[in-house]
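Before any comments, here is the structure.
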Amino acid sequence: MEHMKQHNVHSFRRNGREIVVEGPVPAYLLQSYEMHPDLDAFRRPTEQHEALVEIAALDEGRIILARVDQTIIGYVTFHYPDEMERWSEGNMKDLIELGAIEVADEFRSYGIGRTLIRTAFENDQMENYIVFTTEYYWHWDLKGSGLSVWDYRKMMEKLMKTVQMEWYATDDPEICAHPANCLMVRIGKNVPLSSKEQFDKVRFRQRYMY
């Protein structure tokens with residue numbers, strides 16, 4: 001299927017600095033930016049920068065980022081699920097994973113996460129897809145945020161609900177490994193019934209559970 005990417009740009013000022021939120025950002029433009037040193041939740045900033053460029057170059061890949069001048073201070077990624085994960089088993093061309101979202105510590109109180117995600121869904125460009133995200137508590141910055149596991153879970157759910165993502169049940173072992181983990185999903189209005197049914201089969205390997 002053809003993946004339409006409509007580049008959107010928003011800007012606002014906080015503490016005298018202009019913050020630009022834009023995307024999907026093409027790979028060549030991403031290469032010209034640098035990563036904030038605090039963006040190290042998943043890997044070293046330089047390695048994460050390389051990963052973002054690689055995702056942006058994929059047909060289905062989307063990177064929405066926030067920046068101050070040429071420095072990336074936050075991002076969210078969208079791509080097909082990893083081939084090693086169960087979510088790829090249905091080989092669905094209209095199933096996209098919201099893979100990672102990260103905002104540098106000093107910018108976390110500015111509502112950047114919400115703006116990143118809303119920008120990704122603007123202009124109905126995700127209405128042809130089932131978009132899902134897997135939330136695992138071991139990826140959360142509990143120490144830096146000062147939040148409990150459950151308060152962090154509430155924060156993530158609230159963030160995802162800004163684009164109408166909803167909690168979905170699954171028998172995936174990793175998600176079932178801790179009650180704070182969860183699967184959140186948004187089914188676009190143009191997604192056919194056949195894809196919804198296929199996603200149900202991916203969510204539940206034990207058929208009697210759905």
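Residue names in the structure tokens use chain letters A, B, ... in the order shown, residue numbers from 1 in each chain, and ligand numbers from 1 in the order shown.
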(Q) Quick one: residues within 12 Å of Glu50 (chain A), only C-alpha atoms, excluding same-chain residues fewer than 3 positions away - as a count of residues only? (A) 18
Within region 150-181 of chain A, find each residue whose DSSP state, derived from the backbone, is alpha helix (DSSP H), and express the selection as a list of chain:residue names.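 So the alpha helix (DSSP H) residues in region 150-181 of chain A would be A:Trp150, A:Asp151, A:Tyr152, A:Arg153, A:Lys154, A:Met155, A:Met156, A:Glu157, A:Lys158, A:Leu159, A:Met160, A:Lys161, A:Pro173, A:Glu174, A:Ile175, A:Cys176.
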Convert the current residue selection to file output with all heavy atoms, as a compact mmCIF listing (two decimals), in the first residue's frame.
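Contents of the output file part_30.txt:
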# COMPACT_ATOMS: atom_id res chain seq x y z
N TRP A 150 1.93 3.18 38.67
CA TRP A 150 0.54 3.39 38.29
C TRP A 150 0.27 4.81 37.83
O TRP A 150 -0.52 5.04 36.91
CB TRP A 150 -0.39 2.99 39.43
CG TRP A 150 -0.27 1.52 39.70
CD1 TRP A 150 0.33 0.91 40.77
CD2 TRP A 150 -0.69 0.46 38.83
NE1 TRP A 150 0.30 -0.45 40.63
CE2 TRP A 150 -0.32 -0.76 39.46
CE3 TRP A 150 -1.35 0.42 37.61
CZ2 TRP A 150 -0.60 -2.00 38.88
CZ3 TRP A 150 -1.61 -0.82 37.03
CH2 TRP A 150 -1.23 -2.01 37.67
N ASP A 151 0.92 5.78 38.44
CA ASP A 151 0.76 7.16 38.00
C ASP A 151 1.38 7.36 36.62
O ASP A 151 0.84 8.10 35.79
CB ASP A 151 1.39 8.14 39.00
CG ASP A 151 0.55 8.29 40.26
OD1 ASP A 151 -0.67 7.99 40.19
OD2 ASP A 151 1.09 8.71 41.29
N TYR A 152 2.49 6.68 36.36
CA TYR A 152 3.11 6.78 35.04
C TYR A 152 2.21 6.12 34.00
O TYR A 152 2.04 6.66 32.89
CB TYR A 152 4.49 6.11 35.05
CG TYR A 152 5.45 6.70 34.03
CD1 TYR A 152 6.49 7.53 34.43
CD2 TYR A 152 5.32 6.42 32.67
CE1 TYR A 152 7.38 8.07 33.51
CE2 TYR A 152 6.19 6.96 31.74
CZ TYR A 152 7.21 7.79 32.17
OH TYR A 152 8.07 8.32 31.24
N ARG A 153 1.64 5.00 34.36
CA ARG A 153 0.70 4.33 33.44
C ARG A 153 -0.46 5.25 33.11
O ARG A 153 -0.86 5.37 31.94
CB ARG A 153 0.22 3.03 34.09
CG ARG A 153 -1.12 2.48 33.63
CD ARG A 153 -1.08 1.75 32.32
NE ARG A 153 -2.40 1.28 31.96
CZ ARG A 153 -2.87 0.05 32.18
NH1 ARG A 153 -2.12 -0.85 32.78
NH2 ARG A 153 -4.08 -0.28 31.81
N LYS A 154 -1.02 5.92 34.12
CA LYS A 154 -2.13 6.85 33.88
C LYS A 154 -1.70 7.98 32.94
O LYS A 154 -2.45 8.39 32.06
CB LYS A 154 -2.64 7.44 35.20
CG LYS A 154 -3.41 6.46 36.06
CD LYS A 154 -3.80 7.10 37.38
CE LYS A 154 -4.47 6.10 38.32
NZ LYS A 154 -4.75 6.71 39.65
N MET A 155 -0.48 8.49 33.15
CA MET A 155 0.04 9.55 32.31
C MET A 155 0.15 9.10 30.86
O MET A 155 -0.23 9.83 29.93
CB MET A 155 1.40 10.02 32.83
CG MET A 155 2.01 11.15 32.02
SD MET A 155 3.64 11.64 32.62
CE MET A 155 4.64 10.23 32.09
N MET A 156 0.66 7.89 30.63
CA MET A 156 0.81 7.38 29.28
C MET A 156 -0.54 7.12 28.62
O MET A 156 -0.74 7.42 27.44
CB MET A 156 1.65 6.09 29.28
CG MET A 156 3.10 6.29 29.70
SD MET A 156 3.99 7.52 28.71
CE MET A 156 3.94 6.77 27.08
N GLU A 157 -1.48 6.59 29.39
CA GLU A 157 -2.82 6.38 28.84
C GLU A 157 -3.46 7.71 28.43
O GLU A 157 -4.05 7.82 27.36
CB GLU A 157 -3.71 5.68 29.86
CG GLU A 157 -3.54 4.18 29.91
CD GLU A 157 -4.70 3.50 30.61
OE1 GLU A 157 -5.76 3.33 29.98
OE2 GLU A 157 -4.55 3.13 31.79
N LYS A 158 -3.32 8.71 29.29
CA LYS A 158 -3.88 10.03 29.00
C LYS A 158 -3.25 10.62 27.74
O LYS A 158 -3.93 11.20 26.89
CB LYS A 158 -3.66 10.97 30.19
CG LYS A 158 -4.31 12.33 30.03
CD LYS A 158 -4.11 13.17 31.29
CE LYS A 158 -4.77 14.54 31.14
NZ LYS A 158 -4.55 15.38 32.35
N LEU A 159 -1.94 10.43 27.60
CA LEU A 159 -1.23 10.92 26.42
C LEU A 159 -1.76 10.25 25.16
O LEU A 159 -2.06 10.92 24.16
CB LEU A 159 0.27 10.65 26.58
CG LEU A 159 1.18 10.99 25.40
CD1 LEU A 159 1.12 12.48 25.09
CD2 LEU A 159 2.61 10.56 25.70
N MET A 160 -1.90 8.94 25.17
CA MET A 160 -2.35 8.21 23.99
C MET A 160 -3.82 8.50 23.65
O MET A 160 -4.22 8.49 22.49
CB MET A 160 -2.12 6.70 24.18
CG MET A 160 -0.66 6.31 24.35
SD MET A 160 0.39 6.88 22.98
CE MET A 160 2.02 6.60 23.70
N LYS A 161 -4.59 8.79 24.67
CA LYS A 161 -6.01 9.09 24.44
C LYS A 161 -6.22 10.43 23.75
O LYS A 161 -7.31 10.69 23.24
CB LYS A 161 -6.77 9.05 25.77
CG LYS A 161 -7.02 7.63 26.27
CD LYS A 161 -7.76 7.62 27.60
CE LYS A 161 -8.02 6.18 28.06
NZ LYS A 161 -8.68 6.14 29.39
N PRO A 173 2.58 -12.43 26.18
CA PRO A 173 3.25 -12.71 27.47
C PRO A 173 3.97 -11.51 28.07
O PRO A 173 3.96 -11.33 29.28
CB PRO A 173 4.23 -13.83 27.11
CG PRO A 173 3.69 -14.46 25.88
CD PRO A 173 3.01 -13.36 25.13
N GLU A 174 4.61 -10.69 27.22
CA GLU A 174 5.33 -9.53 27.77
C GLU A 174 4.38 -8.52 28.40
O GLU A 174 4.66 -7.96 29.45
CB GLU A 174 6.17 -8.86 26.67
CG GLU A 174 7.45 -9.59 26.36
CD GLU A 174 8.46 -8.69 25.67
OE1 GLU A 174 8.37 -8.56 24.44
OE2 GLU A 174 9.31 -8.12 26.36
N ILE A 175 3.26 -8.28 27.74
CA ILE A 175 2.30 -7.35 28.31
C ILE A 175 1.66 -7.94 29.56
O ILE A 175 1.43 -7.24 30.55
CB ILE A 175 1.24 -6.96 27.26
CG1 ILE A 175 1.89 -6.11 26.17
CG2 ILE A 175 0.07 -6.20 27.90
CD1 ILE A 175 0.99 -5.72 25.04
N CYS A 176 1.41 -9.23 29.53
CA CYS A 176 0.79 -9.89 30.69
C CYS A 176 1.78 -10.08 31.85
O CYS A 176 1.37 -10.46 32.95
CB CYS A 176 0.23 -11.25 30.28
SG CYS A 176 -1.16 -11.16 29.11
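Restricting the calculation to only C-alpha atoms, the smallest distance between Leu52 (chain A) and any of A:Ser88, A:Ser11, A:Tyr129, A:Ile101 is found for A:Ile101.
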Leaving out Asp172 (chain A) and any residue of its chain fewer than 2 positions from it, which residues lie within 10 Å of it when counting only C-alpha atoms, given as JSON, numbers by chain?
{"A": [86, 87, 169, 170, 174, 175, 176, 177, 182, 183, 202, 203, 204, 205, 206]}
Select, from A:Thr77, A:His49, A:Leu142, A:Asp171, the residue with the minimum atom-to-atom distance to Ala120 (chain A), counting only C-alpha atoms.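 Nearest to Ala120 (chain A): A:Thr77.
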From CA of Lys93 (chain A) to CA of Arg118 (chain A) the spacing works out at 22.2 Å
ask   = Got a sec to tell me which of region 6-202 of chain A DSSP assigns to strand (DSSP E or B), as an NGL selection string?
value = :A and (8-14 or 17-23 or 34-35 or 62-68 or 71-79 or 95-103 or 130-135 or 166-168 or 182-187)
Determine, counting only C-alpha atoms, which protein, DNA and RNA residues have an atom within 12 Å of an atom of Phe121 (chain A); residues of the same chain fewer than 2 positions away are not included. Present the result as a ChimeraX atom specification. /A:4-8,22-24,62-64,76,78,98,114-119,123-131,160,162-165,186-188
I need the residue nearest Gly61 (chain A) from this list: A:Met184, A:Val21, A:Ile112, A:Leu95. Use only C-alpha atoms for the distance.
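Answer, going by the shortest atom-to-atom distance: A:Leu95.
Taking only C-alpha atoms into account, Tyr75 (chain A) lies nearest to A:Ala100 out of the set A:Val20, A:Val149, A:Ala41, A:Ala100.
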Across A:His3, A:Arg108, A:His36, A:Lys143, the smallest distance to His79 (chain A), with only C-alpha atoms counted, is shown by A:His3
- Task: Report the distance between CA of Glu135 (chain A) and CA of Asn181 (chain A) in Å, rounded to one decimal place.
- Result: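 Pair CA of Glu135 (chain A) / CA of Asn181 (chain A) returns 5.3 Å.
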Env of Phe107 (chain A): 10 Å cut, atoms = only C-alpha atoms, seq-sep filter 6 positions within chain, self excluded. Answer as a PDB file with N, CA and C atoms, in the first residue's frame.
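Below you can see around.pdb, which holds the result:
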ATOM      1  N   ARG A  14       8.484  28.814  24.655  1.00  0.00           N
ATOM      2  CA  ARG A  14       8.507  28.509  26.077  1.00  0.00           C
ATOM      3  C   ARG A  14       9.818  29.041  26.652  1.00  0.00           C
ATOM      4  N   ILE A  19      10.111  26.475  20.082  1.00  0.00           N
ATOM      5  CA  ILE A  19      10.110  25.025  19.910  1.00  0.00           C
ATOM      6  C   ILE A  19       9.327  24.702  18.640  1.00  0.00           C
ATOM      7  N   ALA A  66      10.460  17.220  17.850  1.00  0.00           N
ATOM      8  CA  ALA A  66      10.449  18.576  18.409  1.00  0.00           C
ATOM      9  C   ALA A  66      11.892  19.027  18.469  1.00  0.00           C
ATOM     10  N   ILE A  73      14.818  17.736  20.568  1.00  0.00           N
ATOM     11  CA  ILE A  73      14.559  17.636  22.007  1.00  0.00           C
ATOM     12  C   ILE A  73      13.464  16.615  22.318  1.00  0.00           C
ATOM     13  N   GLY A  74      12.850  16.060  21.290  1.00  0.00           N
ATOM     14  CA  GLY A  74      11.819  15.038  21.484  1.00  0.00           C
ATOM     15  C   GLY A  74      11.445  14.425  20.157  1.00  0.00           C
ATOM     16  N   GLY A 113       4.943  16.064  24.277  1.00  0.00           N
ATOM     17  CA  GLY A 113       4.495  14.721  23.921  1.00  0.00           C
ATOM     18  C   GLY A 113       3.144  14.743  23.226  1.00  0.00           C
TER      19      GLY A 113
END
What is the CA of Thr71 (chain A)-CA of Pro37 (chain A) distance in Å, reported with one decimal?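 The value is 9.5 Å.
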